[in-house]
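See structure below.
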Amino acid sequence: MLFLNKAVLFPVTSSALLGVEEGPCETVNLTVELGSSAKLLLPGLCSNTTVKSLDLKGNNLQAVGAEALGKLLQQNKSIQNLVLEWNSLGVWEEGFSLFCQGLSTNRSLQRLDLRNNQINHEGAGELAAALKSNSSLQELDLRWNNVGLLGGRALLNCLHSNRTLRHLELAGNNVPSDILKAVGALAALGMEMFTLTPALSTSEQAMDHNQDRQSILAENQSRTHVLSKEVLSLKEEKAKQFLNLMDTIDRQREEITRSSRQSSARVGQLQEALAERHSIVNSLKAKLQMAEAALALSEQKVHDLGELLSTAKQEQATMAERQAKDLQQQKQEAADRETKLLRDLSAANEKNLLLRNQVDELERRGKAQQDQLFQLKQDLTNTVADLRLRAVKAEERLDMEKRRFKQGLDDVEFLRQKEVDHMTQHMEASERSMQERIQRLEAVRIGLEEELSRVKAAALVERGQAEEELIRARSQARLEEQQRLEHLEEKLRLMMQSRDEAQGRCLQQKQAVGEAQARASQLSLQVESLQRRVEELQQDLSSKEQEKVAEVNKVRVELQEQVGRLQAEQTAQEGLREKIAALERQMKVLSSNHREALLDKEGEMAALLERLRTKDAEISRMREEAAQRASFLQNAILAYVQGSPLGTLSPRK
């Protein structure tokens, strides 16, 4: 026989169990402590053929463990002895139904221990349905559950079709005596043997009274120990859930700060792009000014040449008129381009305002998310405090019930001892009186034999009455003690029901945490959609910049063509310099007029420059306002994180 210790096997994996060599050993006994490792251990035992006995006592398997046990019973063909005491399998109805389905199809299990598993009448009905189709189970222990009347009837009905079960334990299940008698009758008719602990005779109960009382005390102590373990496990689970929630909140905060940083960086990039565009517009304006100056000079020259050529030749006059028309067209085109550039600048400013509005909207959404997270934190702290208070109250109630039970036992023991002392004193007094009468009658024994026989008969009658009174007193004390024990068992059952309600509330809190995580995922999806929108806007801006560059290149090409034309005109006009020298005086007069026109143009340029300075001042002011908003938002987030009541509980990164 191979024995594996729990300290060696914890934690156990399925690969380790599959690797057990099926050697010459006949049986292998496993005594393990699983906890949350049931999903790893039990699937490994499904194909194992060496383990014959499995002890899983006090592991709190819950629903996942019950499902794994059902699969194990369906697939395993070697386990004959299975101990599942103190695992609360009856609390999880779906898991226990799967376990009963596996038991109905199993053909190797011979002994099953289900003590202290909180199995109610519904679980007993499912177990009875499984026993109807099971043909291998010989011993079943259901002590200290909550089977009740309906569960007892279901088990009674299943015995009509089951012919292999030989030993059944139903103590501490609130099963009525008539059902127990009916089960005993079935055992007498067709079953081999049924042992029912509550069906003991009155004499056996009187003999084993002290042993039962000690066993009840031991079981109550074990129950309190298990309840304290479960309360501690619930506290640990709540602490883990709280820490996980704090981690998720910290991650969401980091994502929000990261998104705000990215948005601020993108706003900075957009502002830089706007600054570059302003510089490009300024350069274009400078080039336009140079072109206007050149055009003005060329107009003046063309005008002078037109006057000279009008006196000289009609053809030169027509050429000058054509050149003037071309220059006017060029001037009109330059004015159109300038208006177009101004419109593009206004459109870019509008897009900048839209982006700023979107950034403000993102900031408001981030604040709303922070408020929701703070509300969730407050709800979680309130629920944790409520659960702690309830656990403390349950412990206090359990201690009070313990003290009351001990006090009741002490009172019963005191009353019984008092009654026994009273009866012994009465018997001693009656015996002394009888001895005195016999001594008196011995002196006159010869003459009073008939009177002596009457006195003996009266003494016998009195003695019989005294014995009957003693028996009545003992039976009454026994009944009172049984009633008190039943009352205490009812109180324990109510405490277990309250613990089940607490577990249900814990499940509801888990569902609420899951909903909060779903909300957080939805918010992350919204942030991603906003990021995609910003990327689309960036792509639009890049396309607009490419169009601007193409237009600038086109203007450069046209200016180069104009420069070539002007150079050709200069070469054509070199032959006419002699005639121009004669008209220099007239040129001086025209130059003064041109200076006045230049002064007017310079005034217009100064006005345009002043407008550009105001625009630059507005853009710089908007940049400063955006930077101040970002700094205010960052300071507010830091103050919120440092000043929140739960901020100190979050783990440091």
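Identifiers in this document derive from the order of the structure tokens: chains are assigned A, B, ..., residues are numbered from 1 separately in each chain, and ligands are numbered from 1 in order of occurrence.
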With only C-alpha atoms as the counted atoms, please give the residues lying no more than 6 Å from region 151-159 of chain A, apart from itself and same-chain residues fewer than 3 positions off, as a list of chain:residue names.
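Result of the neighbour search: A:His121, A:Ala124, A:Gly125, A:Ala128, A:Lys132, A:Val147, A:Gly148, A:Asn162, A:Val175.
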Emit the selected residues as an mmCIF file, in the first residue's frame, including N, CA, C and O atoms.
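Result file is part-v9.cif:
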data_model
loop_
_atom_site.group_PDB
_atom_site.id
_atom_site.type_symbol
_atom_site.label_atom_id
_atom_site.label_comp_id
_atom_site.auth_asym_id
_atom_site.auth_seq_id
_atom_site.Cartn_x
_atom_site.Cartn_y
_atom_site.Cartn_z
ATOM 1 N N HIS A 121 -33.260 18.783 1.222
ATOM 2 C CA HIS A 121 -34.166 17.764 0.684
ATOM 3 C C HIS A 121 -34.037 17.655 -0.833
ATOM 4 O O HIS A 121 -34.188 16.571 -1.407
ATOM 5 N N ALA A 124 -31.009 15.585 -1.475
ATOM 6 C CA ALA A 124 -31.314 14.195 -1.148
ATOM 7 C C ALA A 124 -32.136 13.536 -2.263
ATOM 8 O O ALA A 124 -31.959 12.354 -2.573
ATOM 9 N N GLY A 125 -33.052 14.319 -2.905
ATOM 10 C CA GLY A 125 -33.819 13.766 -4.022
ATOM 11 C C GLY A 125 -32.926 13.408 -5.196
ATOM 12 O O GLY A 125 -33.079 12.337 -5.822
ATOM 13 N N ALA A 128 -31.048 10.314 -4.283
ATOM 14 C CA ALA A 128 -31.898 9.115 -4.379
ATOM 15 C C ALA A 128 -32.067 8.690 -5.834
ATOM 16 O O ALA A 128 -32.049 7.488 -6.151
ATOM 17 N N LYS A 132 -30.836 4.966 -7.514
ATOM 18 C CA LYS A 132 -31.700 4.028 -8.224
ATOM 19 C C LYS A 132 -30.968 3.321 -9.360
ATOM 20 O O LYS A 132 -31.220 2.148 -9.637
ATOM 21 N N VAL A 147 -31.455 16.717 5.545
ATOM 22 C CA VAL A 147 -32.279 15.974 4.594
ATOM 23 C C VAL A 147 -33.759 16.237 4.847
ATOM 24 O O VAL A 147 -34.522 16.526 3.934
ATOM 25 N N GLY A 148 -34.223 16.131 6.093
ATOM 26 C CA GLY A 148 -35.607 16.426 6.443
ATOM 27 C C GLY A 148 -36.597 15.363 5.999
ATOM 28 O O GLY A 148 -36.237 14.235 5.608
ATOM 29 N N ASN A 162 -32.891 -0.245 -5.433
ATOM 30 C CA ASN A 162 -31.476 -0.487 -5.167
ATOM 31 C C ASN A 162 -31.324 -1.750 -4.316
ATOM 32 O O ASN A 162 -31.985 -1.890 -3.279
ATOM 33 N N VAL A 175 -35.028 13.477 10.307
ATOM 34 C CA VAL A 175 -35.884 12.516 9.610
ATOM 35 C C VAL A 175 -36.882 11.943 10.618
ATOM 36 O O VAL A 175 -36.478 11.468 11.692
#
For region 274-372 of chain A against region 591-601 of chain A, with a cut-off of 9 Å and counting only C-alpha atoms, what is the closest atom pair and its distance in Å to one decimal for every residue that makes the cut, ordered by chain and number, as JSON lines?
{"residue": "A:Ala293", "atom": "CA", "partner": "A:Leu598", "partner_atom": "CA", "distance": 8.4}
{"residue": "A:Ala296", "atom": "CA", "partner": "A:His594", "partner_atom": "CA", "distance": 8.4}
{"residue": "A:Leu297", "atom": "CA", "partner": "A:His594", "partner_atom": "CA", "distance": 8.7}
{"residue": "A:Gln300", "atom": "CA", "partner": "A:His594", "partner_atom": "CA", "distance": 8.0}
Residues within 9 Å of Ala391 (chain A), please, as number ranges by chain. Count only C-alpha atoms; anything in the same chain fewer than 6 positions from it doesn't count.
A: 231, 499, 502
List as a PyMOL selection string the protein and nucleic acid residues near Leu140 (chain A), meaning an atom at most 12 Å away when only C-alpha atoms are counted, but skip any in the same chain fewer than 3 places from it.
chain A and resi 81-85+103+109-115+127-128+131+136-137+143+155+164-171+194-196
Between A:Glu558, A:Asp421, A:Glu625, A:Glu467, which residue has the minimum interatomic distance to Asp360 (chain A), considering only C-alpha atoms?
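When distances to Asp360 (chain A) are compared using only C-alpha atoms, the smallest one comes from A:Glu625.
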Spatial neighbours of Gln330 (chain A), max dist 10 Å, only C-alpha atoms, sep filter under 4 positions, as an NGL selection string:
:A and (291-292 or 295 or 324-326 or 334-336 or 558-559 or 562)
Residue subset to file, keeping N, CA and C atoms, as an mmCIF file, in the first residue's frame:
data_model
loop_
_atom_site.group_PDB
_atom_site.id
_atom_site.type_symbol
_atom_site.label_atom_id
_atom_site.label_comp_id
_atom_site.auth_asym_id
_atom_site.auth_seq_id
_atom_site.Cartn_x
_atom_site.Cartn_y
_atom_site.Cartn_z
ATOM 1 N N ALA A 291 7.025 90.383 -55.428
ATOM 2 C CA ALA A 291 6.420 90.317 -56.764
ATOM 3 C C ALA A 291 5.658 91.594 -57.079
ATOM 4 N N GLU A 292 4.961 92.150 -56.066
ATOM 5 C CA GLU A 292 4.239 93.403 -56.285
ATOM 6 C C GLU A 292 5.198 94.551 -56.591
ATOM 7 N N LEU A 295 6.329 94.012 -59.994
ATOM 8 C CA LEU A 295 5.240 94.369 -60.900
ATOM 9 C C LEU A 295 5.072 95.884 -61.007
ATOM 10 N N ALA A 324 0.737 95.231 -70.351
ATOM 11 C CA ALA A 324 -0.027 95.762 -69.211
ATOM 12 C C ALA A 324 -1.177 94.841 -68.833
ATOM 13 N N LYS A 325 -1.867 94.309 -69.874
ATOM 14 C CA LYS A 325 -2.952 93.363 -69.595
ATOM 15 C C LYS A 325 -2.436 92.108 -68.889
ATOM 16 N N ASP A 326 -1.280 91.614 -69.397
ATOM 17 C CA ASP A 326 -0.706 90.412 -68.744
ATOM 18 C C ASP A 326 -0.354 90.689 -67.286
ATOM 19 N N ALA A 334 -2.454 86.931 -58.372
ATOM 20 C CA ALA A 334 -1.773 87.009 -57.069
ATOM 21 C C ALA A 334 -2.759 87.386 -55.962
ATOM 22 N N ALA A 335 -3.702 88.337 -56.282
ATOM 23 C CA ALA A 335 -4.703 88.707 -55.272
ATOM 24 C C ALA A 335 -5.617 87.521 -54.937
ATOM 25 N N ASP A 336 -5.997 86.761 -55.981
ATOM 26 C CA ASP A 336 -6.838 85.571 -55.742
ATOM 27 C C ASP A 336 -6.115 84.552 -54.868
ATOM 28 N N GLU A 558 5.348 79.611 -61.488
ATOM 29 C CA GLU A 558 4.797 80.752 -62.218
ATOM 30 C C GLU A 558 5.662 82.000 -62.049
ATOM 31 N N LEU A 559 6.171 82.205 -60.823
ATOM 32 C CA LEU A 559 7.061 83.354 -60.609
ATOM 33 C C LEU A 559 8.345 83.229 -61.429
ATOM 34 N N GLN A 562 7.504 84.180 -64.872
ATOM 35 C CA GLN A 562 7.410 85.641 -64.978
ATOM 36 C C GLN A 562 8.794 86.294 -65.007
#
So that I can check the surroundings of Val359 (chain A), please list as number ranges by chain every protein, DNA and RNA residue that reaches within 10 Å of it, counting only C-alpha atoms and ignoring chain neighbours fewer than 3 positions away.
A: 260, 263-264, 267, 353-356, 362-365, 530, 534, 626
How would the residues just chosen look if you wrote them out with C-alpha atoms as a compact mmCIF listing (two decimals), in the first residue's frame?
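Okay, again_27.txt is ready:
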# COMPACT_ATOMS: atom_id res chain seq x y z
CA SER A 260 -4.05 62.98 -21.73
CA SER A 263 -3.56 64.36 -26.53
CA SER A 264 -1.41 67.20 -25.16
CA VAL A 267 -2.10 69.39 -29.56
CA LEU A 353 -10.82 75.39 -32.33
CA LEU A 354 -12.63 72.11 -33.06
CA LEU A 355 -9.62 70.13 -31.81
CA ARG A 356 -9.53 72.23 -28.64
CA LEU A 362 -12.05 64.36 -23.40
CA GLU A 363 -11.07 66.13 -20.18
CA ARG A 364 -14.72 66.21 -19.06
CA ARG A 365 -15.11 62.51 -19.82
CA LEU A 530 -11.59 59.14 -29.96
CA VAL A 534 -7.74 62.29 -33.82
CA ALA A 626 -4.08 75.10 -23.17
Residue among A:Glu468, A:Asp386, A:Glu67, A:Glu561 lying closest to Lys238 (chain A), counting only C-alpha atoms
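Closest to Lys238 (chain A), using only C-alpha atoms: A:Asp386.
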Separation of CA of Thr105 (chain A) from CA of Asn134 (chain A), in Å and rounded to one decimal:
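For CA of Thr105 (chain A) relative to CA of Asn134 (chain A), the distance reads 6.5 Å.
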For Gly514 (chain A), which of A:Leu245, A:Leu612, A:Val461, A:Met423 is the closest residue, counting only C-alpha atoms?
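Among the listed residues, A:Leu245 lies closest to Gly514 (chain A).
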So what do you get for CA of Thr50 (chain A) versus CA of Gly102 (chain A), distance-wise?
19.7 Å
